[in-house]
Each structure stands twice: as structure tokens, then as C-alpha cells.
file input_14.cif (mmCIF, C-alpha atoms)
data_final
#
loop_
_atom_site.label_atom_id
_atom_site.label_comp_id
_atom_site.auth_asym_id
_atom_site.auth_seq_id
_atom_site.Cartn_x
_atom_site.Cartn_y
_atom_site.Cartn_z
CA MET A 11 -15.20 89.15 -37.33
CA LYS A 12 -12.81 91.23 -35.28
CA THR A 13 -9.21 90.08 -35.35
CA ILE A 14 -6.31 90.49 -32.95
CA PRO A 15 -2.53 90.14 -33.37
CA ILE A 16 -1.27 86.60 -32.77
CA ALA A 17 1.23 88.02 -30.26
CA ALA A 18 -1.65 89.36 -28.20
CA ARG A 19 -3.57 86.11 -28.50
CA GLY A 20 -0.69 83.93 -27.27
CA GLY A 21 -0.62 80.16 -27.46
CA LYS A 22 -0.57 77.18 -25.13
CA VAL A 23 2.17 75.54 -27.21
CA GLN A 24 5.49 77.22 -27.95
CA THR A 25 8.65 76.05 -29.66
CA ALA A 26 10.43 76.04 -26.31
CA ASP A 27 8.14 73.12 -25.39
CA PHE A 28 8.93 71.03 -28.46
CA GLY A 29 10.78 67.75 -28.36
CA LEU A 30 14.34 67.53 -29.62
CA PRO A 31 16.31 64.80 -31.39
CA TYR A 32 18.10 62.51 -29.01
CA THR A 33 21.79 63.34 -28.61
CA LYS A 34 23.93 60.26 -28.86
CA GLY A 35 25.68 59.50 -25.60
CA SER A 36 23.41 61.66 -23.43
CA GLY A 37 21.90 58.62 -21.72
CA VAL A 38 18.49 58.34 -20.11
CA ASP A 39 18.68 61.87 -18.72
CA GLY A 40 19.27 63.21 -22.21
CA TRP A 41 16.38 61.19 -23.58
CA LEU A 42 14.04 62.55 -20.90
CA ASP A 43 15.17 66.10 -21.62
CA SER A 44 14.45 65.55 -25.32
CA LEU A 45 10.77 64.72 -24.76
CA PRO A 46 8.17 67.41 -25.48
CA LYS A 47 7.22 69.50 -22.46
CA ILE A 48 3.57 69.01 -23.36
CA LEU A 49 0.80 66.68 -22.11
CA ALA A 50 2.13 63.13 -21.61
CA GLY A 51 5.73 64.30 -21.81
CA ASN A 52 5.23 66.47 -18.73
CA SER A 53 3.11 63.83 -17.02
CA PHE A 54 5.88 61.27 -17.48
CA ARG A 55 8.44 63.62 -15.95
CA PHE A 56 6.06 64.32 -13.08
CA ALA A 57 5.64 60.60 -12.46
CA LEU A 58 9.38 60.03 -12.33
CA GLU A 59 9.88 62.97 -9.97
CA ALA A 60 7.15 61.63 -7.67
CA LEU A 61 8.81 58.21 -7.53
CA ILE A 62 12.20 59.73 -6.76
CA ARG A 63 10.72 61.93 -4.00
CA ALA A 64 8.87 59.01 -2.45
CA ARG A 65 11.95 56.80 -2.43
CA ALA A 66 14.08 59.55 -0.89
CA ALA A 67 11.47 60.19 1.81
CA GLY A 68 10.93 56.50 2.58
CA LYS A 69 7.29 56.67 1.49
CA PRO A 70 5.38 53.70 0.03
CA ILE A 71 5.49 53.02 -3.70
CA ILE A 72 2.75 50.52 -4.48
CA TRP A 73 2.50 48.88 -7.90
CA GLY A 74 -0.96 47.57 -8.82
CA MET A 75 -0.94 45.37 -11.90
CA GLY A 76 -3.07 43.29 -14.21
CA GLY A 77 -2.14 40.04 -15.90
CA HIS A 78 -0.50 41.43 -19.03
CA VAL A 79 2.23 43.13 -17.00
CA ILE A 80 3.39 39.71 -15.81
CA LYS A 81 2.74 37.58 -18.87
CA CYS A 82 4.53 40.08 -21.11
CA GLY A 83 7.71 39.58 -19.10
CA LEU A 84 8.05 42.56 -16.76
CA ALA A 85 8.38 40.66 -13.47
CA PRO A 86 12.22 40.78 -13.50
CA ALA A 87 12.15 44.55 -14.06
CA LEU A 88 9.67 45.03 -11.21
CA ALA A 89 11.79 42.84 -8.93
CA ASP A 90 14.79 45.01 -9.78
CA LEU A 91 12.81 48.16 -8.93
CA MET A 92 11.88 46.50 -5.63
CA ARG A 93 15.51 45.84 -4.76
CA ARG A 94 16.38 49.45 -5.68
CA GLY A 95 13.68 50.86 -3.40
CA PHE A 96 11.25 51.95 -6.11
CA ALA A 97 8.62 49.33 -5.22
CA THR A 98 7.64 48.75 -1.60
CA ALA A 99 4.55 46.61 -2.26
CA PHE A 100 2.78 44.89 -5.15
CA THR A 101 -0.94 44.45 -5.73
CA MET A 102 -2.23 41.93 -8.27
CA ASN A 103 -5.52 40.87 -9.71
CA GLY A 104 -6.10 37.13 -10.04
CA SER A 105 -4.78 36.81 -13.58
CA ALA A 106 -1.45 38.41 -12.67
CA ALA A 107 -1.01 35.91 -9.84
CA ILE A 108 -1.88 32.98 -12.12
CA HIS A 109 0.55 34.00 -14.85
CA ASP A 110 3.31 34.56 -12.31
CA PHE A 111 2.66 31.23 -10.58
CA GLU A 112 2.73 29.32 -13.88
CA ILE A 113 5.96 31.01 -14.94
CA ALA A 114 7.54 29.94 -11.65
CA ILE A 115 6.58 26.29 -11.94
CA ALA A 116 6.67 25.75 -15.71
CA GLY A 117 8.42 28.67 -17.39
CA GLN A 118 5.36 29.32 -19.57
CA THR A 119 1.88 30.77 -19.32
CA SER A 120 -1.02 32.27 -21.33
CA GLU A 121 -2.83 29.44 -23.10
CA ASP A 122 -4.40 29.78 -26.55
CA VAL A 123 -7.99 30.40 -25.43
CA GLU A 124 -9.58 30.19 -28.87
CA ALA A 125 -7.97 26.83 -29.54
CA VAL A 126 -9.07 25.13 -26.30
CA LEU A 127 -12.37 26.82 -25.46
CA PRO A 128 -14.50 24.78 -27.94
CA ASP A 129 -13.88 21.48 -26.11
CA GLY A 130 -13.77 22.96 -22.59
CA ARG A 131 -10.04 22.61 -21.94
CA PHE A 132 -9.60 26.33 -21.24
CA GLY A 133 -8.40 26.86 -17.68
CA SER A 134 -7.98 23.16 -16.94
CA ALA A 135 -4.24 23.02 -16.24
CA GLU A 136 -3.89 20.51 -13.41
CA GLU A 137 -0.75 21.83 -11.72
CA THR A 138 -1.90 25.45 -11.71
CA GLY A 139 -5.30 24.70 -10.18
CA ARG A 140 -4.06 22.11 -7.71
CA GLU A 141 -1.03 23.96 -6.38
CA MET A 142 -2.65 27.39 -6.14
CA ASN A 143 -5.77 26.06 -4.45
CA GLU A 144 -3.82 23.91 -2.02
CA ALA A 145 -1.65 26.89 -1.09
CA ILE A 146 -4.74 29.02 -0.52
CA ALA A 147 -6.55 26.33 1.49
CA ALA A 148 -3.51 25.87 3.73
CA ALA A 149 -2.89 29.60 4.17
CA ASP A 150 -4.13 29.64 7.77
CA SER A 151 -3.54 33.27 8.82
CA LEU A 152 -1.77 34.33 5.63
CA GLY A 153 -3.15 36.37 2.78
CA MET A 154 -3.34 34.98 -0.73
CA GLY A 155 -0.20 36.69 -2.01
CA GLU A 156 1.96 35.50 0.86
CA ALA A 157 0.50 31.99 0.72
CA LEU A 158 1.31 31.68 -2.99
CA GLY A 159 4.83 32.99 -2.43
CA ALA A 160 5.39 30.50 0.37
CA ARG A 161 4.21 27.64 -1.85
CA LEU A 162 6.56 28.70 -4.64
CA VAL A 163 9.50 28.57 -2.25
CA ARG A 164 8.82 24.83 -2.12
CA ILE A 165 7.78 23.99 -5.68
CA ALA A 166 9.18 26.62 -8.09
CA ASN A 167 11.41 25.26 -10.82
CA PRO A 168 14.91 26.64 -10.10
CA ALA A 169 15.34 27.39 -13.81
CA PHE A 170 12.43 29.84 -13.73
CA ALA A 171 12.27 31.01 -10.11
CA ALA A 172 14.01 34.34 -10.76
CA HIS A 173 11.23 35.26 -13.21
CA SER A 174 8.49 35.08 -10.55
CA LEU A 175 7.52 38.31 -8.83
CA LEU A 176 5.52 36.43 -6.19
CA LEU A 177 8.61 34.45 -5.24
CA GLU A 178 11.10 37.31 -5.49
CA ALA A 179 8.88 39.55 -3.35
CA TYR A 180 8.32 36.79 -0.78
CA ASN A 181 12.07 36.20 -0.45
CA HIS A 182 12.64 39.95 -0.17
CA GLY A 183 9.94 40.40 2.49
CA THR A 184 7.91 42.73 0.25
CA PRO A 185 4.11 42.55 0.64
CA VAL A 186 2.07 41.21 -2.27
CA THR A 187 -1.72 41.37 -2.14
CA VAL A 188 -3.96 39.44 -4.56
CA HIS A 189 -7.54 40.54 -5.20
CA VAL A 190 -9.89 38.12 -6.94
CA ALA A 191 -13.56 37.92 -7.87
CA ILE A 192 -14.97 34.40 -7.66
CA GLY A 193 -15.36 32.97 -11.14
CA THR A 194 -12.95 35.32 -12.90
CA ASP A 195 -9.89 33.05 -12.56
CA THR A 196 -9.21 29.59 -13.94
CA PRO A 197 -8.25 27.95 -10.60
CA HIS A 198 -11.80 28.61 -9.38
CA THR A 199 -13.05 25.80 -11.65
CA HIS A 200 -10.54 23.24 -10.36
CA PRO A 201 -11.88 20.44 -8.11
CA ALA A 202 -9.54 21.59 -5.33
CA ALA A 203 -11.04 25.09 -5.21
CA ASP A 204 -12.20 26.07 -1.71
CA ALA A 205 -14.45 29.10 -2.01
CA ALA A 206 -14.27 29.90 1.69
CA ALA A 207 -10.47 29.87 1.62
CA ILE A 208 -10.35 31.96 -1.54
CA GLY A 209 -12.64 34.52 0.02
CA ALA A 210 -10.81 34.57 3.34
CA THR A 211 -7.33 34.96 1.86
CA THR A 212 -8.27 37.67 -0.64
CA HIS A 213 -10.18 39.52 2.12
CA HIS A 214 -7.06 39.28 4.29
CA ASP A 215 -5.16 40.90 1.44
CA PHE A 216 -7.74 43.66 1.09
CA ARG A 217 -7.26 44.56 4.74
CA LEU A 218 -3.49 44.48 4.27
CA PHE A 219 -3.87 46.65 1.18
CA CYS A 220 -5.85 49.21 3.19
CA SER A 221 -2.97 49.48 5.64
CA LEU A 222 -0.56 49.97 2.74
CA VAL A 223 -2.79 52.66 1.21
CA ALA A 224 -2.90 54.48 4.55
CA GLY A 225 0.87 54.88 4.30
CA LEU A 226 0.55 56.84 1.06
CA HIS A 227 -0.33 59.99 3.00
CA ASP A 228 2.04 62.89 2.42
CA GLY A 229 4.25 61.71 -0.40
CA GLY A 230 3.49 58.11 -1.34
CA VAL A 231 2.82 56.82 -4.87
CA TYR A 232 0.28 54.33 -6.20
CA LEU A 233 0.58 53.08 -9.78
CA ASN A 234 -2.18 51.29 -11.65
CA VAL A 235 -0.55 49.29 -14.43
CA GLY A 236 -2.73 47.29 -16.78
CA SER A 237 -5.83 46.70 -14.65
CA ALA A 238 -8.97 48.22 -16.12
CA VAL A 239 -11.60 47.17 -13.57
CA VAL A 240 -10.69 45.10 -10.49
CA LEU A 241 -7.77 47.02 -9.02
CA PRO A 242 -9.16 50.53 -9.67
CA GLU A 243 -12.30 49.44 -7.79
CA VAL A 244 -10.28 47.87 -4.96
CA PHE A 245 -8.08 50.96 -4.66
CA LEU A 246 -11.03 53.33 -4.44
CA LYS A 247 -12.66 51.22 -1.70
CA ALA A 248 -9.38 51.14 0.22
CA VAL A 249 -9.06 54.92 0.01
CA SER A 250 -12.57 55.33 1.38
CA ALA A 251 -12.01 52.76 4.16
CA VAL A 252 -8.81 54.47 5.30
CA ARG A 253 -10.52 57.85 5.51
CA ASN A 254 -13.61 56.35 7.14
CA LEU A 255 -11.40 55.08 9.95
CA GLY A 256 -10.09 58.59 10.51
CA ALA A 257 -6.62 58.23 9.02
CA PRO A 258 -5.30 61.19 7.00
CA LEU A 259 -4.83 60.44 3.31
CA ALA A 260 -3.86 63.38 1.10
CA ASP A 261 -0.92 64.80 -0.86
CA PHE A 262 0.04 61.57 -2.56
CA THR A 263 0.50 60.70 -6.22
CA THR A 264 -1.53 58.28 -8.33
CA ILE A 265 -0.39 57.21 -11.78
CA ASN A 266 -2.31 55.31 -14.43
CA LEU A 267 -0.15 53.45 -16.94
CA ASP A 268 -2.26 51.53 -19.40
CA PHE A 269 -2.47 50.73 -23.08
CA LEU A 270 -5.93 52.33 -23.19
CA GLN A 271 -7.33 55.03 -20.93
CA HIS A 272 -10.36 53.32 -19.41
CA TYR A 273 -13.00 55.01 -17.28
CA ARG A 274 -12.25 53.29 -13.96
CA PRO A 275 -8.47 53.75 -13.86
CA LYS A 276 -8.81 57.39 -14.90
CA VAL A 277 -11.60 58.24 -12.47
CA ASN A 278 -11.05 55.84 -9.55
CA VAL A 279 -7.26 56.09 -9.46
CA VAL A 280 -6.29 59.45 -10.93
CA GLU A 281 -9.18 61.76 -10.11
CA ARG A 282 -11.57 60.76 -7.31
CA PRO A 283 -9.01 59.97 -4.56
CA HIS A 284 -7.74 63.55 -4.73
CA ALA A 285 -11.06 65.38 -4.86
CA ASN A 286 -11.26 67.85 -1.96
CA ALA A 287 -8.27 66.17 -0.32
CA GLY A 288 -6.15 69.26 0.09
CA GLY A 289 -3.61 70.00 -2.61
CA PRO A 290 -3.75 66.87 -4.78
CA ARG A 291 -0.84 65.70 -6.83
CA TYR A 292 -1.72 63.29 -9.56
CA CYS A 293 -1.08 62.44 -13.15
CA SER A 294 -2.42 60.17 -15.83
CA HIS A 295 -0.11 58.75 -18.44
CA ARG A 296 -0.83 56.35 -21.25
CA ALA A 297 1.97 53.91 -22.01
CA SER A 298 2.15 51.56 -24.95
#
call {"tool": "encode", "arguments": {"input": "input_14.cif", "output": "C-alpha cells"}}
result
Amino acid sequence: MKTIPIAARGGKVQTADFGLPYTKGSGVDGWLDSLPKILAGNSFRFALEALIRARAAGKPIIWGMGGHVIKCGLAPALADLMRRGFATAFTMNGSAAIHDFEIAIAGQTSEDVEAVLPDGRFGSAEETGREMNEAIAAADSLGMGEALGARLVRIANPAFAAHSLLLEAYNHGTPVTVHVAIGTDTPHTHPAADAAAIGATTHHDFRLFCSLVAGLHDGGVYLNVGSAVVLPEVFLKAVSAVRNLGAPLADFTTINLDFLQHYRPKVNVVERPHANAGGPRYCSHRAS
């Protein structure tokens, strides 16, 4: 073996990149500065900078989310980001919409599946199935997200209304799209379920979502938060549809925030949309 001096070899990690203890009183800026300038630490800073640039430039910031984001209590924080200009649209899978709707009408959600599955009571909540399906069936020319928000204006419990992102976004005039697959969501088993209406309203929202994705060009941000399959697939199809119609879509940022780094969010959100798109900016960050 031939050896070389370590100084000549160099290293990808240096002490200048190390994290530092937090300095009391330095605030959030001090905490960010204390993070390591390596891997996820840099990705996190990049994500924040992209959000700040997009807000300053008036570009879209679209939050796509799965059910756990809502049922773990983050709707009020997202509504606050919306009011501050750091969220211009929300995209939900079916479970996120269900949890949010139940919180608005009952202040609780997320049943104990193991306890009720043996006797078939899983997914049988009367109010959830009835009210969501009636709102969807009566949507007329509305998409699913807007129809659910409009229904909550009428029926939400005032004690819990401020905890509903569907309702807060509706009152703020912020678009919410809901993307469902028939059979994946508990309201689909309710007697009031109208398959044609479910399909029509979620398709309306897909078309709306495509128009929102088109606005990402040159500085927008799309975040995938807690959806491992449905929303990464929907986002990729929207990207392709926008480009197929001849609209430019490049130089935007995609961010994956998830407990686990799954294949679809990593590939369909963080990597593929930027392939050969002219100077991509993207990052992937795992958040616990």
C-alpha cells in the first residue's frame, strides 16, 4: 500500500462544519446557526431559504400532506403559516381530509382500529360518513376540498373550528385540493357514498392542482409532508400534465419531510421533476 499525507488527501467533513451548542438567548436564528453544516443540516437551511425566497417573490408555496400531519395536531401551525404567507395552497390525501373534518365537528379523530376491526365497526362513524358524502354529492361545480370547507362553515362545532385546516383555509380563500382513491377512505363505505360525485370532485381538484403546480415555475416550492404514496404519485402526474400542455416548469424547489424516506416521495417529488429541467433546485430532508 502506498500512503499519502492526510493534508493532501483532504476530507469532506471539517471542524468548521460541526454543530455548536445552542447559545441561550440567541433565538431561532442562533439555533439554526448551531446546526451542523452537513447533510440534513444544510438541506434544512436550504429549505428555509427557498420558502423565504418564494414568499418574497410572491411565488406559490404548496403543502401536500398525509393524515398524520393533521391528526397529530399541526393544522393550527399550518393555518398560521398560511396567514403569514408561507402557505398559498394545501393538498391533502383522503385521510388528512377525514381527520380534519372530524376534528372540526367533534374535536376528536383517529379511532382505535385494532379494537373495532374484529366486529366491523372500523370506519362506521355516522356523522363523518353522512356529512362528508352529502357535502361531496352537493358540490355541484366545486372540488372536494372546497365543498368540505363550505360544509364545515355550516356544521363545525365553534369550540373546535379554529383547529380545522379545511375551514380556516376556506375562510381565508386559500385553495385546498383533496385526492382520494376509491376504497381507501372510511366514508366510501357509508350508505350515502356517491361514487360518481367522489370521482368528479376529486378529479376537479386534480385539475385545480395542476394549475397550482404550473405556478411553481421559477421560484415556487412544493412540500410533501407525510404522504408516502398518493400525493407523490399525484404530484408527478401533475408535473407531467403541465409540461405536456406546453407550460414551462423548472427552477422550483421540492422538499420531502417525512418520518421515513420512502421511494415515491424521494423519487417522484425530490428527483424526477427536476431531471433535465434546467438548473434544478431541490432538497430532501427527513423530519421526525
call {"tool": "closest_atom_pairs", "arguments": {"input": "input_14.cif", "of": "stretch 141-189 of chain A", "to": "stretch 219-241 of chain A", "cutoff": "10 Å", "atoms": "only C-alpha atoms", "output": "CSV"}}
result
residue,atom,partner,partner_atom,distance
A:Pro185,CA,A:Phe219,CA,9.0
A:Val186,CA,A:Phe219,CA,8.8
A:Thr187,CA,A:Phe219,CA,6.6
A:Val188,CA,A:Phe219,CA,9.2
A:His189,CA,A:Leu241,CA,7.5
call {"tool": "closest_atom_pairs", "arguments": {"input": "input_14.cif", "of": "stretch 47-105 of chain A", "to": "stretch 116-139 of chain A", "cutoff": "12 Å", "atoms": "only C-alpha atoms", "output": "JSON lines"}}
result
{"residue": "A:Gly77", "atom": "CA", "partner": "A:Ser120", "partner_atom": "CA", "distance": 9.5}
{"residue": "A:His78", "atom": "CA", "partner": "A:Ser120", "partner_atom": "CA", "distance": 9.5}
{"residue": "A:Ile80", "atom": "CA", "partner": "A:Thr119", "partner_atom": "CA", "distance": 9.7}
{"residue": "A:Lys81", "atom": "CA", "partner": "A:Thr119", "partner_atom": "CA", "distance": 6.9}
{"residue": "A:Cys82", "atom": "CA", "partner": "A:Ser120", "partner_atom": "CA", "distance": 9.6}
{"residue": "A:Gly83", "atom": "CA", "partner": "A:Gln118", "partner_atom": "CA", "distance": 10.5}
{"residue": "A:Ser105", "atom": "CA", "partner": "A:Ser120", "partner_atom": "CA", "distance": 9.7}
call {"tool": "residues_around", "arguments": {"input": "input_14.cif", "residues": "A:Leu30", "least_positions_apart": "4", "cutoff": "12 Å", "atoms": "all atoms listed in the file", "output": "JSON, numbers by chain"}}
result
{"A": [25, 26, 40, 41, 42, 43, 44, 45, 46, 47]}
call {"tool": "write_last_selection", "arguments": {"input": "input_14.cif", "atoms": "C-alpha atoms", "output": "compact mmCIF listing (two decimals), in the frame of the given file"}}
result
# COMPACT_ATOMS: atom_id res chain seq x y z
CA THR A 25 8.65 76.05 -29.66
CA ALA A 26 10.43 76.04 -26.31
CA GLY A 40 19.27 63.21 -22.21
CA TRP A 41 16.38 61.19 -23.58
CA LEU A 42 14.04 62.55 -20.90
CA ASP A 43 15.17 66.10 -21.62
CA SER A 44 14.45 65.55 -25.32
CA LEU A 45 10.77 64.72 -24.76
CA PRO A 46 8.17 67.41 -25.48
CA LYS A 47 7.22 69.50 -22.46
call {"tool": "resolve_selection", "arguments": {"input": "input_14.cif", "expression": "the PyMOL selection byres ((chain A and resi 171-184) around 10)", "output": "ChimeraX atom specification"}}
result
/A:80,83-90,92-93,97-100,102,106-107,109-117,155-163,165-170,185-187
call {"tool": "write_last_selection", "arguments": {"input": "input_14.cif", "atoms": "C-alpha atoms", "output": "compact mmCIF listing (two decimals), in the frame of the given file"}}
result
# COMPACT_ATOMS: atom_id res chain seq x y z
CA ILE A 80 3.39 39.71 -15.81
CA GLY A 83 7.71 39.58 -19.10
CA LEU A 84 8.05 42.56 -16.76
CA ALA A 85 8.38 40.66 -13.47
CA PRO A 86 12.22 40.78 -13.50
CA ALA A 87 12.15 44.55 -14.06
CA LEU A 88 9.67 45.03 -11.21
CA ALA A 89 11.79 42.84 -8.93
CA ASP A 90 14.79 45.01 -9.78
CA MET A 92 11.88 46.50 -5.63
CA ARG A 93 15.51 45.84 -4.76
CA ALA A 97 8.62 49.33 -5.22
CA THR A 98 7.64 48.75 -1.60
CA ALA A 99 4.55 46.61 -2.26
CA PHE A 100 2.78 44.89 -5.15
CA MET A 102 -2.23 41.93 -8.27
CA ALA A 106 -1.45 38.41 -12.67
CA ALA A 107 -1.01 35.91 -9.84
CA HIS A 109 0.55 34.00 -14.85
CA ASP A 110 3.31 34.56 -12.31
CA PHE A 111 2.66 31.23 -10.58
CA GLU A 112 2.73 29.32 -13.88
CA ILE A 113 5.96 31.01 -14.94
CA ALA A 114 7.54 29.94 -11.65
CA ILE A 115 6.58 26.29 -11.94
CA ALA A 116 6.67 25.75 -15.71
CA GLY A 117 8.42 28.67 -17.39
CA GLY A 155 -0.20 36.69 -2.01
CA GLU A 156 1.96 35.50 0.86
CA ALA A 157 0.50 31.99 0.72
CA LEU A 158 1.31 31.68 -2.99
CA GLY A 159 4.83 32.99 -2.43
CA ALA A 160 5.39 30.50 0.37
CA ARG A 161 4.21 27.64 -1.85
CA LEU A 162 6.56 28.70 -4.64
CA VAL A 163 9.50 28.57 -2.25
CA ILE A 165 7.78 23.99 -5.68
CA ALA A 166 9.18 26.62 -8.09
CA ASN A 167 11.41 25.26 -10.82
CA PRO A 168 14.91 26.64 -10.10
CA ALA A 169 15.34 27.39 -13.81
CA PHE A 170 12.43 29.84 -13.73
CA PRO A 185 4.11 42.55 0.64
CA VAL A 186 2.07 41.21 -2.27
CA THR A 187 -1.72 41.37 -2.14
call {"tool": "atom_distance", "arguments": {"input": "input_14.cif", "atom1": "atom CA of A:Ala203", "atom2": "atom CA of A:Leu218"}}
result
22.9 Å
call {"tool": "closest_residue", "arguments": {"input": "input_14.cif", "among": "A:Ile16, A:Ile108, A:Val244, A:Leu267", "to": "A:Phe54", "atoms": "all atoms listed in the file"}}
result
A:Leu267
call {"tool": "atom_distance", "arguments": {"input": "input_14.cif", "atom1": "atom CA of A:Glu141", "atom2": "atom CA of A:Pro201"}}
result
11.5 Å
call {"tool": "atom_distance", "arguments": {"input": "input_14.cif", "atom1": "atom CA of A:Lys247", "atom2": "atom CA of A:Asp204"}}
result
25.2 Å
call {"tool": "closest_residue", "arguments": {"input": "input_14.cif", "among": "A:Thr264, A:Ala206, A:Val279, A:Tyr32", "to": "A:Ser53", "atoms": "all atoms listed in the file"}}
result
A:Thr264
call {"tool": "closest_residue", "arguments": {"input": "input_14.cif", "among": "A:Leu91, A:Ile14, A:Met154, A:Val252", "to": "A:Leu61", "atoms": "all atoms listed in the file"}}
result
A:Leu91
call {"tool": "closest_residue", "arguments": {"input": "input_14.cif", "among": "A:Asn52, A:Ile265, A:His198, A:Pro70", "to": "A:Asn278", "atoms": "all atoms listed in the file"}}
result
A:Ile265
call {"tool": "closest_residue", "arguments": {"input": "input_14.cif", "among": "A:Phe262, A:Asn143, A:Gly68, A:Phe269", "to": "A:His200", "atoms": "only C-alpha atoms"}}
result
A:Asn143
call {"tool": "resolve_selection", "arguments": {"input": "input_14.cif", "expression": "the PyMOL selection byres ((chain A and resi 208) around 12)", "output": "ChimeraX atom specification"}}
result
/A:104,142-150,152-155,157-158,188-193,195,197-198,202-207,209-215
